[in-house]
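Just input33.cif here, mmCIF, C-alpha atoms:
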data_start
#
loop_
_atom_site.group_PDB
_atom_site.id
_atom_site.type_symbol
_atom_site.label_atom_id
_atom_site.label_comp_id
_atom_site.auth_asym_id
_atom_site.auth_seq_id
_atom_site.Cartn_x
_atom_site.Cartn_y
_atom_site.Cartn_z
ATOM 1 C CA MET A 1 1.574 -3.831 13.867
ATOM 2 C CA GLY A 2 -1.386 -1.702 12.834
ATOM 3 C CA ASN A 3 -4.915 -1.699 14.088
ATOM 4 C CA CYS A 4 -8.390 -0.309 13.431
ATOM 5 C CA TYR A 5 -10.897 0.441 16.126
ATOM 6 C CA ASN A 6 -14.527 1.458 15.688
ATOM 7 C CA THR A 7 -17.369 1.303 18.175
ATOM 8 C CA SER A 8 -21.024 2.155 18.384
ATOM 9 C CA VAL A 9 -24.062 1.797 20.606
ATOM 10 C CA ILE A 10 -26.959 -0.056 19.022
ATOM 11 C CA ASN A 11 -30.449 0.606 20.210
ATOM 12 C CA ALA A 12 -31.415 -3.034 20.755
ATOM 13 C CA PRO A 13 -30.780 -5.792 23.309
ATOM 14 C CA ILE A 14 -27.618 -7.814 22.885
ATOM 15 C CA ASN A 15 -29.371 -11.034 21.818
ATOM 16 C CA GLN A 16 -31.042 -9.235 18.909
ATOM 17 C CA VAL A 17 -27.828 -7.556 17.802
ATOM 18 C CA TRP A 18 -25.947 -10.834 18.090
ATOM 19 C CA ALA A 19 -28.568 -12.548 15.953
ATOM 20 C CA ALA A 20 -28.083 -9.873 13.293
ATOM 21 C CA VAL A 21 -24.285 -9.933 13.133
ATOM 22 C CA SER A 22 -23.203 -13.426 14.134
ATOM 23 C CA ASP A 23 -23.910 -15.409 10.953
ATOM 24 C CA PHE A 24 -20.788 -15.017 8.833
ATOM 25 C CA HIS A 25 -22.802 -15.693 5.692
ATOM 26 C CA ASN A 26 -25.577 -13.241 6.372
ATOM 27 C CA LEU A 27 -24.980 -9.504 6.327
ATOM 28 C CA GLY A 28 -28.632 -8.677 5.869
ATOM 29 C CA PHE A 29 -28.301 -5.811 8.344
ATOM 30 C CA ALA A 30 -25.984 -4.098 5.865
ATOM 31 C CA SER A 31 -27.964 -4.693 2.694
ATOM 32 C CA GLY A 32 -27.343 -1.772 0.412
ATOM 33 C CA VAL A 33 -23.861 -1.331 1.838
ATOM 34 C CA ILE A 34 -22.666 -4.885 1.261
ATOM 35 C CA THR A 35 -23.985 -5.644 -2.207
ATOM 36 C CA SER A 36 -22.994 -9.314 -2.351
ATOM 37 C CA VAL A 37 -22.067 -12.068 0.095
ATOM 38 C CA GLU A 38 -20.852 -15.241 -1.556
ATOM 39 C CA LYS A 39 -20.706 -18.298 0.667
ATOM 40 C CA ILE A 40 -17.685 -20.470 -0.110
ATOM 41 C CA GLY A 41 -17.835 -24.139 0.888
ATOM 42 C CA ASP A 42 -20.242 -25.954 3.192
ATOM 43 C CA THR A 43 -19.046 -24.775 6.602
ATOM 44 C CA PRO A 44 -21.910 -22.993 8.369
ATOM 45 C CA GLY A 45 -21.561 -19.289 9.125
ATOM 46 C CA THR A 46 -21.177 -19.884 12.850
ATOM 47 C CA ALA A 47 -18.309 -22.376 12.638
ATOM 48 C CA PRO A 48 -14.635 -21.469 12.356
ATOM 49 C CA GLY A 49 -13.431 -22.166 8.837
ATOM 50 C CA ALA A 50 -16.506 -20.630 7.195
ATOM 51 C CA LYS A 51 -15.512 -18.625 4.158
ATOM 52 C CA ARG A 52 -17.163 -15.720 2.347
ATOM 53 C CA VAL A 53 -16.461 -13.191 -0.383
ATOM 54 C CA LEU A 54 -17.909 -9.727 0.172
ATOM 55 C CA ASN A 55 -18.684 -7.406 -2.722
ATOM 56 C CA GLU A 56 -16.832 -9.809 -5.020
ATOM 57 C CA ALA A 57 -13.568 -8.549 -3.576
ATOM 58 C CA PHE A 58 -12.964 -9.320 0.107
ATOM 59 C CA HIS A 59 -12.099 -12.972 0.776
ATOM 60 C CA GLU A 60 -12.554 -13.732 4.446
ATOM 61 C CA THR A 61 -12.470 -16.741 6.784
ATOM 62 C CA LEU A 62 -14.138 -17.060 10.171
ATOM 63 C CA GLN A 63 -11.362 -17.842 12.651
ATOM 64 C CA SER A 64 -13.165 -18.003 15.986
ATOM 65 C CA PHE A 65 -16.754 -17.899 17.170
ATOM 66 C CA ASP A 66 -17.750 -17.432 20.804
ATOM 67 C CA ALA A 67 -21.518 -17.213 21.298
ATOM 68 C CA ASP A 68 -21.147 -17.065 25.100
ATOM 69 C CA HIS A 69 -19.071 -13.902 24.898
ATOM 70 C CA HIS A 70 -20.821 -12.554 21.798
ATOM 71 C CA SER A 71 -17.676 -12.263 19.729
ATOM 72 C CA PHE A 72 -16.102 -13.662 16.606
ATOM 73 C CA SER A 73 -12.945 -13.040 14.630
ATOM 74 C CA TYR A 74 -12.118 -13.455 10.972
ATOM 75 C CA SER A 75 -9.144 -13.093 8.672
ATOM 76 C CA ILE A 76 -8.952 -11.209 5.399
ATOM 77 C CA ASP A 77 -7.223 -13.634 3.081
ATOM 78 C CA ASP A 78 -7.273 -11.482 -0.024
ATOM 79 C CA GLY A 79 -8.845 -8.290 -1.260
ATOM 80 C CA PRO A 80 -8.180 -5.085 -3.116
ATOM 81 C CA GLU A 81 -5.066 -3.092 -2.249
ATOM 82 C CA PRO A 82 -4.016 -2.355 0.447
ATOM 83 C CA VAL A 83 -5.487 -5.546 1.957
ATOM 84 C CA ALA A 84 -4.416 -7.724 -0.968
ATOM 85 C CA GLN A 85 -2.629 -10.966 -0.261
ATOM 86 C CA GLY A 86 1.050 -10.065 -0.154
ATOM 87 C CA SER A 87 0.444 -6.512 1.026
ATOM 88 C CA VAL A 88 -0.825 -7.418 4.478
ATOM 89 C CA LYS A 89 -0.072 -10.243 6.875
ATOM 90 C CA ASN A 90 -2.146 -11.685 9.710
ATOM 91 C CA TYR A 91 -5.147 -9.432 9.181
ATOM 92 C CA LEU A 92 -7.562 -10.345 11.951
ATOM 93 C CA GLY A 93 -10.875 -8.559 12.379
ATOM 94 C CA THR A 94 -12.791 -8.916 15.649
ATOM 95 C CA VAL A 95 -16.417 -8.126 16.403
ATOM 96 C CA ARG A 96 -17.394 -8.027 20.060
ATOM 97 C CA LEU A 97 -20.662 -7.109 21.747
ATOM 98 C CA LEU A 98 -21.285 -6.029 25.321
ATOM 99 C CA PRO A 99 -24.651 -5.409 26.954
ATOM 100 C CA ILE A 100 -25.351 -1.904 28.246
ATOM 101 C CA THR A 101 -27.455 -2.852 31.207
ATOM 102 C CA ASP A 102 -28.917 0.484 32.235
ATOM 103 C CA ASN A 103 -31.010 0.829 29.078
ATOM 104 C CA ASN A 104 -30.855 -2.633 27.505
ATOM 105 C CA THR A 105 -28.856 -1.530 24.472
ATOM 106 C CA THR A 106 -25.643 -2.943 23.035
ATOM 107 C CA PHE A 107 -22.082 -1.749 22.747
ATOM 108 C CA ILE A 108 -20.366 -3.063 19.627
ATOM 109 C CA GLU A 109 -16.660 -2.991 18.927
ATOM 110 C CA TRP A 110 -15.329 -3.701 15.420
ATOM 111 C CA ALA A 111 -11.557 -3.857 15.559
ATOM 112 C CA SER A 112 -8.720 -5.349 13.589
ATOM 113 C CA SER A 113 -4.986 -5.901 13.747
ATOM 114 C CA TYR A 114 -2.525 -6.590 10.946
ATOM 115 C CA GLU A 115 1.079 -6.441 9.837
ATOM 116 C CA SER A 116 2.013 -4.418 6.799
ATOM 117 C CA GLU A 117 4.657 -2.079 5.468
ATOM 118 C CA ASN A 118 2.057 0.666 5.364
ATOM 119 C CA ASP A 119 -0.154 0.386 8.439
ATOM 120 C CA SER A 120 -1.730 3.801 8.043
ATOM 121 C CA ALA A 121 -2.892 3.066 4.479
ATOM 122 C CA ILE A 122 -4.786 0.048 5.781
ATOM 123 C CA GLY A 123 -6.330 2.099 8.577
ATOM 124 C CA ASP A 124 -7.387 4.785 6.081
ATOM 125 C CA PHE A 125 -8.934 2.083 3.952
ATOM 126 C CA CYS A 126 -10.629 -0.112 6.545
ATOM 127 C CA ASN A 127 -11.886 2.379 9.123
ATOM 128 C CA PRO A 128 -14.432 4.038 6.793
ATOM 129 C CA ILE A 129 -15.752 0.578 5.872
ATOM 130 C CA TYR A 130 -16.216 -0.455 9.511
ATOM 131 C CA ARG A 131 -17.846 2.901 10.212
ATOM 132 C CA ALA A 132 -20.229 2.314 7.287
ATOM 133 C CA LEU A 133 -21.078 -1.172 8.581
ATOM 134 C CA LEU A 134 -21.722 0.080 12.096
ATOM 135 C CA ASP A 135 -23.966 2.821 10.729
ATOM 136 C CA ALA A 136 -25.849 0.232 8.709
ATOM 137 C CA LEU A 137 -26.326 -1.836 11.864
ATOM 138 C CA LYS A 138 -27.539 1.210 13.744
ATOM 139 C CA ASN A 139 -30.022 1.967 10.961
ATOM 140 C CA HIS A 140 -31.163 -1.639 10.977
ATOM 141 C CA PHE A 141 -32.359 -1.238 14.558
ATOM 142 C CA ALA A 142 -33.466 2.375 14.303
ATOM 143 C CA GLY A 143 -37.143 3.204 14.688
ATOM 144 C CA MET B 1 -31.614 29.923 3.852
ATOM 145 C CA THR B 2 -29.972 32.313 1.417
ATOM 146 C CA ALA B 3 -27.810 30.650 -1.173
ATOM 147 C CA LYS B 4 -24.769 32.858 -0.792
ATOM 148 C CA LYS B 5 -21.992 32.047 -3.215
ATOM 149 C CA ARG B 6 -18.606 31.244 -1.856
ATOM 150 C CA THR B 7 -15.448 30.873 -3.868
ATOM 151 C CA LEU B 8 -13.737 27.593 -3.078
ATOM 152 C CA GLN B 9 -10.514 28.429 -4.807
ATOM 153 C CA LYS B 10 -7.803 28.323 -2.182
ATOM 154 C CA ASN B 11 -4.842 27.994 -4.452
ATOM 155 C CA PRO B 12 -4.250 31.206 -6.409
ATOM 156 C CA MET B 13 -2.284 29.195 -8.976
ATOM 157 C CA SER B 14 -5.283 27.033 -9.710
ATOM 158 C CA LYS B 15 -6.681 27.723 -13.161
ATOM 159 C CA VAL B 16 -10.244 26.644 -12.495
ATOM 160 C CA SER B 17 -12.343 28.787 -10.251
ATOM 161 C CA SER B 18 -15.510 27.348 -8.866
ATOM 162 C CA GLU B 19 -18.426 28.938 -7.210
ATOM 163 C CA ILE B 20 -20.663 26.630 -5.278
ATOM 164 C CA PRO B 21 -23.541 27.958 -3.197
ATOM 165 C CA ALA B 22 -22.325 28.016 0.406
ATOM 166 C CA ALA B 23 -25.460 26.285 1.666
ATOM 167 C CA LYS B 24 -24.915 23.361 -0.728
ATOM 168 C CA LEU B 25 -21.263 23.145 0.169
ATOM 169 C CA ALA B 26 -22.150 23.066 3.860
ATOM 170 C CA LEU B 27 -24.556 20.179 3.232
ATOM 171 C CA TYR B 28 -21.885 18.319 1.264
ATOM 172 C CA GLU B 29 -19.405 18.795 4.088
ATOM 173 C CA LYS B 30 -22.015 17.586 6.533
ATOM 174 C CA ILE B 31 -22.564 14.336 4.673
ATOM 175 C CA ALA B 32 -18.810 13.801 4.255
ATOM 176 C CA ALA B 33 -18.365 14.329 8.001
ATOM 177 C CA THR B 34 -20.826 11.540 8.848
ATOM 178 C CA ASN B 35 -17.977 9.106 8.286
ATOM 179 C CA PRO B 36 -15.148 10.565 10.397
ATOM 180 C CA ASP B 37 -12.554 8.530 8.548
ATOM 181 C CA ILE B 38 -13.423 10.147 5.242
ATOM 182 C CA GLU B 39 -11.718 13.399 4.393
ATOM 183 C CA ARG B 40 -13.330 16.001 2.178
ATOM 184 C CA LYS B 41 -10.719 16.858 -0.421
ATOM 185 C CA GLY B 42 -10.397 19.288 -3.322
ATOM 186 C CA ASN B 43 -9.447 22.936 -3.269
ATOM 187 C CA THR B 44 -11.474 23.868 -6.294
ATOM 188 C CA LEU B 45 -14.127 21.209 -6.547
ATOM 189 C CA PRO B 46 -14.892 19.274 -3.382
ATOM 190 C CA TYR B 47 -14.716 15.497 -3.537
ATOM 191 C CA THR B 48 -14.199 12.416 -1.406
ATOM 192 C CA SER B 49 -12.169 9.333 -2.233
ATOM 193 C CA ILE B 50 -11.082 6.044 -0.767
ATOM 194 C CA ASN B 51 -7.998 4.163 -1.826
ATOM 195 C CA GLY B 52 -7.386 6.703 -4.582
ATOM 196 C CA ASN B 53 -10.833 6.207 -6.091
ATOM 197 C CA MET B 54 -13.214 9.161 -6.027
ATOM 198 C CA PHE B 55 -16.726 8.286 -4.909
ATOM 199 C CA SER B 56 -18.494 11.615 -4.517
ATOM 200 C CA PHE B 57 -18.056 15.157 -5.690
ATOM 201 C CA MET B 58 -19.863 18.408 -6.042
ATOM 202 C CA THR B 59 -20.264 19.953 -9.465
ATOM 203 C CA GLU B 60 -19.599 23.606 -10.161
ATOM 204 C CA GLU B 61 -23.358 24.065 -10.253
ATOM 205 C CA GLY B 62 -23.661 22.737 -6.714
ATOM 206 C CA LYS B 63 -25.067 19.309 -7.568
ATOM 207 C CA MET B 64 -23.734 16.395 -5.570
ATOM 208 C CA ALA B 65 -22.749 13.273 -7.522
ATOM 209 C CA LEU B 66 -22.399 9.871 -5.869
ATOM 210 C CA ARG B 67 -20.733 6.735 -7.257
ATOM 211 C CA LEU B 68 -22.749 3.564 -6.783
ATOM 212 C CA SER B 69 -22.794 -0.054 -7.921
ATOM 213 C CA ASP B 70 -25.054 -1.132 -10.811
ATOM 214 C CA ASP B 71 -27.795 -2.286 -8.443
ATOM 215 C CA GLY B 72 -27.257 0.648 -6.124
ATOM 216 C CA ARG B 73 -27.645 3.108 -8.997
ATOM 217 C CA ALA B 74 -30.820 1.470 -10.255
ATOM 218 C CA ILE B 75 -32.405 1.498 -6.793
ATOM 219 C CA PHE B 76 -31.249 5.049 -6.068
ATOM 220 C CA MET B 77 -32.465 6.480 -9.377
ATOM 221 C CA ARG B 78 -35.836 4.757 -9.036
ATOM 222 C CA LYS B 79 -36.301 5.788 -5.399
ATOM 223 C CA TYR B 80 -35.220 9.410 -5.745
ATOM 224 C CA LYS B 81 -36.235 9.986 -9.395
ATOM 225 C CA SER B 82 -32.641 10.863 -10.152
ATOM 226 C CA GLN B 83 -30.418 10.403 -13.195
ATOM 227 C CA LEU B 84 -26.808 9.757 -14.119
ATOM 228 C CA CYS B 85 -24.451 12.670 -13.670
ATOM 229 C CA GLU B 86 -23.360 14.577 -16.742
ATOM 230 C CA GLN B 87 -20.206 16.650 -16.744
ATOM 231 C CA HIS B 88 -19.011 18.735 -19.670
ATOM 232 C CA GLY B 89 -21.349 16.914 -22.051
ATOM 233 C CA ARG B 90 -20.229 13.461 -20.929
ATOM 234 C CA VAL B 91 -22.305 11.025 -18.929
ATOM 235 C CA MET B 92 -20.423 9.692 -15.902
ATOM 236 C CA LYS B 93 -21.935 6.236 -15.961
ATOM 237 C CA GLU B 94 -21.247 5.249 -12.337
ATOM 238 C CA TYR B 95 -22.362 8.524 -10.761
ATOM 239 C CA VAL B 96 -25.910 9.502 -9.878
ATOM 240 C CA VAL B 97 -27.063 13.027 -9.170
ATOM 241 C CA VAL B 98 -28.187 13.473 -5.572
ATOM 242 C CA PRO B 99 -31.403 15.508 -5.602
ATOM 243 C CA ASP B 100 -31.247 18.666 -3.498
ATOM 244 C CA SER B 101 -34.133 17.409 -1.383
ATOM 245 C CA LEU B 102 -32.049 14.362 -0.395
ATOM 246 C CA LEU B 103 -28.883 16.395 0.102
ATOM 247 C CA ARG B 104 -30.781 18.233 2.826
ATOM 248 C CA LYS B 105 -31.622 14.913 4.564
ATOM 249 C CA THR B 106 -28.172 13.973 5.830
ATOM 250 C CA GLU B 107 -29.324 10.931 7.819
ATOM 251 C CA GLU B 108 -31.120 9.448 4.822
ATOM 252 C CA LEU B 109 -28.346 10.264 2.369
ATOM 253 C CA LYS B 110 -25.817 8.678 4.731
ATOM 254 C CA LYS B 111 -27.054 5.190 3.750
ATOM 255 C CA ALA B 112 -26.241 5.758 0.083
ATOM 256 C CA PHE B 113 -23.001 7.537 1.005
ATOM 257 C CA ASN B 114 -21.845 4.526 3.054
ATOM 258 C CA ALA B 115 -22.904 2.161 0.282
ATOM 259 C CA SER B 116 -20.745 4.203 -2.051
ATOM 260 C CA ILE B 117 -17.731 3.940 0.273
ATOM 261 C CA VAL B 118 -17.927 0.162 0.501
ATOM 262 C CA TYR B 119 -18.597 -0.230 -3.232
ATOM 263 C CA VAL B 120 -15.600 1.883 -4.196
ATOM 264 C CA ALA B 121 -13.364 0.254 -1.570
ATOM 265 C CA ALA B 122 -13.787 -3.031 -3.408
ATOM 266 C CA LEU B 123 -12.504 -1.522 -6.656
ATOM 267 C CA LYS B 124 -8.904 -1.690 -7.816
ATOM 268 C CA SER B 125 -6.900 0.987 -6.048
ATOM 269 C CA LYS B 126 -5.710 3.889 -8.168
ATOM 270 C CA PRO B 127 -2.253 4.433 -6.622
ATOM 271 C CA ALA B 128 -1.341 0.817 -7.360
ATOM 272 C CA ALA B 129 -2.375 1.281 -10.974
ATOM 273 C CA ARG B 130 -0.301 4.439 -11.230
ATOM 274 C CA LYS B 131 2.655 2.683 -9.629
ATOM 275 C CA LYS B 132 2.340 -0.143 -12.153
ATOM 276 C CA ALA B 133 2.236 2.324 -15.030
ATOM 277 C CA ALA B 134 5.267 4.162 -13.668
ATOM 278 C CA THR B 135 7.170 0.880 -13.342
ATOM 279 C CA LYS B 136 6.249 -0.010 -16.925
ATOM 280 C CA LYS B 137 7.389 3.413 -18.148
ATOM 281 C CA LYS B 138 10.658 3.091 -16.239
ATOM 282 C CA ALA B 139 11.301 -0.352 -17.734
ATOM 283 C CA ALA B 140 10.570 0.950 -21.241
ATOM 284 C CA ALA B 141 12.984 3.869 -20.736
ATOM 285 C CA LYS B 142 15.660 1.466 -19.482
ATOM 286 C CA LYS B 143 15.146 -0.747 -22.535
ATOM 287 C CA LYS B 144 15.403 2.256 -24.852
ATOM 288 C CA ALA B 145 18.640 3.419 -23.194
ATOM 289 C CA ALA B 146 20.138 -0.062 -23.457
ATOM 290 C CA LYS B 147 19.219 -0.217 -27.158
ATOM 291 C CA LYS B 148 20.814 3.181 -27.746
ATOM 292 C CA ALA B 149 23.990 2.094 -25.980
ATOM 293 C CA ALA B 150 24.125 -1.094 -28.077
ATOM 294 C CA VAL B 151 23.739 0.883 -31.304
ATOM 295 C CA LYS B 152 26.518 3.218 -30.167
ATOM 296 C CA GLU B 153 28.747 0.280 -29.378
ATOM 297 C CA VAL B 154 28.229 -1.173 -32.860
ATOM 298 C CA ALA B 155 28.613 2.208 -34.545
ATOM 299 C CA ALA B 156 31.778 3.260 -32.689
ATOM 300 C CA PRO B 157 34.312 0.956 -34.453
ATOM 301 C CA LYS B 158 32.783 1.826 -37.834
ATOM 302 C CA LYS B 159 33.119 5.522 -37.067
ATOM 303 C CA LYS B 160 36.713 5.013 -35.915
ATOM 304 C CA ALA B 161 37.587 3.150 -39.127
ATOM 305 C CA ALA B 162 35.985 5.871 -41.268
ATOM 306 C CA LYS B 163 37.964 8.541 -39.406
ATOM 307 C CA LYS B 164 41.201 6.598 -39.918
ATOM 308 C CA LYS B 165 40.437 6.228 -43.628
ATOM 309 C CA ALA B 166 39.755 9.954 -43.984
ATOM 310 C CA ALA B 167 43.013 10.828 -42.222
ATOM 311 C CA LYS B 168 44.937 8.457 -44.498
ATOM 312 C CA LYS B 169 43.338 10.052 -47.565
ATOM 313 C CA LYS B 170 44.243 13.526 -46.309
ATOM 314 C CA ALA B 171 47.858 12.485 -45.712
ATOM 315 C CA ALA B 172 48.088 10.948 -49.187
ATOM 316 C CA LYS B 173 46.761 14.147 -50.726
ATOM 317 C CA ARG B 174 49.357 16.219 -48.890
ATOM 318 C CA LYS B 175 52.110 13.997 -50.291
#
Just give me the structure of the file as structure tokens.
Amino acid sequence: MGNCYNTSVINAPINQVWAAVSDFHNLGFASGVITSVEKIGDTPGTAPGAKRVLNEAFHETLQSFDADHHSFSYSIDDGPEPVAQGSVKNYLGTVRLLPITDNNTTFIEWASSYESENDSAIGDFCNPIYRALLDALKNHFAG
Amino acid sequence: MTAKKRTLQKNPMSKVSSEIPAAKLALYEKIAATNPDIERKGNTLPYTSINGNMFSFMTEEGKMALRLSDDGRAIFMRKYKSQLCEQHGRVMKEYVVVPDSLLRKTEELKKAFNASIVYVAALKSKPAARKKAATKKKAAAKKKAAKKAAVKEVAAPKKKAAKKKAAKKKAAKRK
């Protein structure tokens, strides 16, 4: 089983960061990086089962949503290689926030696990994307 | 800062030699390093890629080119008064030239660099395409070999019969 792990500290209180990242259908914090978010179906972006297509390529489904613990998880159902359907199994991404209490900022963890014949190729592919998203989030709250 | 020239050619067998001002190269390496999971590649001409697709490179003249989506290019070119990259007389329609003034502002350029990563990640991967082409080529070669074998099989009895006939003729002549 392979996994990706990326973290960052965001210069904003946890409730603000959660508001920015928790709607599965709204990646406004990453505008410019994520060029399109297509909402599929009627399920709201905070309910498991919500579906989206990012950049016309990544088909994802919200699997769990826990507002109390500021975390959610989603699956990648299809996408470009190496995360295409058939090349990877059980791809589960998890976003989790924790408050940093000494300065009222937020720790964010963007991780994933998956099964594939080429785990490292998926890590090489996904890690730069998560890093780009975390940077976008950091920029969103900068200044 | 003095723009000292540094030869990037590491491989002596490489035919192309490239001289990029060291200061520009350092700035390019700095922007590439902002995403620790991205590796700066290229012995002769530096570039970065994801999933086999190149998304940034530095020209021999020391200009950085960045691959962006349609919207991303339009916004970038308007904002930074830039243009599409031209290489060897050909316009590279997905690549914009990063102005030197922006190349010096790593933090600002990082936004476009990350946008480029995510845009290119959504494209069809290159290795898969190559693999497909190789598989196709292999299948075509197999087909060709099978055809050749079939022709041989058909031709063999004919050849044998002709040989037999010739031998018979020779024997008759001797008599």
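Each of B:Gly62, B:Pro21, B:Gly52, B:Gly42 was checked against Leu123 of chain B using all atoms listed in the file; the smallest atom-to-atom distance is that of B:Gly52.
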Answer as a PyMOL selection string, residues within 12 Å of (-7.7, -1.6, 10.9) using only C-alpha atoms: (chain A and resi 1-6+75-76+82-83+88+90-94+110-116+118-131) or (chain B and resi 37)
Distance criterion (only C-alpha atoms): nearest to Phe65 of chain A out of A:Ile34, A:Val53, A:Ala47, A:Leu98: A:Ala47
Distance query 10 Å from (-17.9, -18.8, 15.7) using only C-alpha atoms, result as a PyMOL selection string: chain A and resi 22-24+44-50+62-67+70-74
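Our summary of the geometry notes that atom CA of Cys85 of chain B is positioned 20.6 Å from atom CA of Ala121 of chain B.
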Residue IDs satisfying the PyMOL selection byres ((chain A) within 6 of (chain B)), as an NGL selection string: :A and (32-33 or 57 or 80-81 or 128-129 or 132)
Shell of 7 Å around Ala12 of chain A, only C-alpha atoms, local chain residues under 5 positions omitted, as a VMD selection string: chain A and resid 17 104 to 106 141
Would you write out those residues with C-alpha atoms, as a PDB file, in the coordinates of the input?
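The result, written out as part-v4.pdb:
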ATOM      1  CA  VAL A  17     -27.828  -7.556  17.802  1.00  0.00           C
ATOM      2  CA  ASN A 104     -30.855  -2.633  27.505  1.00  0.00           C
ATOM      3  CA  THR A 105     -28.856  -1.530  24.472  1.00  0.00           C
ATOM      4  CA  THR A 106     -25.643  -2.943  23.035  1.00  0.00           C
ATOM      5  CA  PHE A 141     -32.359  -1.238  14.558  1.00  0.00           C
TER       6      PHE A 141
END
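As for atom CA of Ala142 of chain A and atom CA of Ile10 of chain A, they are spaced 8.4 Å apart.
Going from atom CA of Val98 of chain B over to atom CA of Glu19 of chain B, you cover 18.4 Å.
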Contacts of segment 57-59 of chain B within 7 Å, all atoms listed in the file, excl. fewer than 4 positions in-chain, as a list in words: Leu45, Pro46, Tyr47, Thr48, Lys63, Met64, Ala65 and Leu66 of chain B
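Counting only C-alpha atoms, the residue from B:Met54, B:Met77, B:Ala162, B:Leu103 that sits nearest to Glu29 of chain B is B:Leu103.
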Expected file for segment 56-67 of chain A keeping N, CA and C atoms, as a compact mmCIF listing (two decimals), in the first residue's frame:
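Dumped everything to decode.txt:
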# COMPACT_ATOMS: atom_id res chain seq x y z
N GLU A 56 -11.32 18.93 -15.21
CA GLU A 56 -11.87 18.06 -16.26
C GLU A 56 -11.18 16.70 -16.32
N ALA A 57 -10.57 16.29 -15.22
CA ALA A 57 -9.79 15.05 -15.28
C ALA A 57 -9.92 14.17 -14.03
N PHE A 58 -9.99 14.78 -12.87
CA PHE A 58 -9.99 14.00 -11.62
C PHE A 58 -11.43 13.82 -11.12
N HIS A 59 -11.91 12.59 -11.16
CA HIS A 59 -13.27 12.29 -10.71
C HIS A 59 -13.20 11.81 -9.26
N GLU A 60 -13.84 12.56 -8.38
CA GLU A 60 -13.69 12.27 -6.96
C GLU A 60 -15.05 12.23 -6.25
N THR A 61 -15.10 11.45 -5.17
CA THR A 61 -16.33 11.33 -4.37
C THR A 61 -16.00 11.55 -2.90
N LEU A 62 -16.79 12.38 -2.25
CA LEU A 62 -16.61 12.61 -0.81
C LEU A 62 -17.06 11.36 -0.06
N GLN A 63 -16.17 10.79 0.74
CA GLN A 63 -16.49 9.54 1.43
C GLN A 63 -16.90 9.76 2.88
N SER A 64 -16.27 10.71 3.54
CA SER A 64 -16.66 10.99 4.93
C SER A 64 -16.47 12.47 5.21
N PHE A 65 -17.25 12.98 6.14
CA PHE A 65 -17.19 14.41 6.47
C PHE A 65 -17.41 14.55 7.96
N ASP A 66 -16.44 15.07 8.67
CA ASP A 66 -16.53 15.19 10.12
C ASP A 66 -16.21 16.63 10.53
N ALA A 67 -17.26 17.43 10.65
CA ALA A 67 -17.07 18.86 10.98
C ALA A 67 -16.51 19.03 12.39
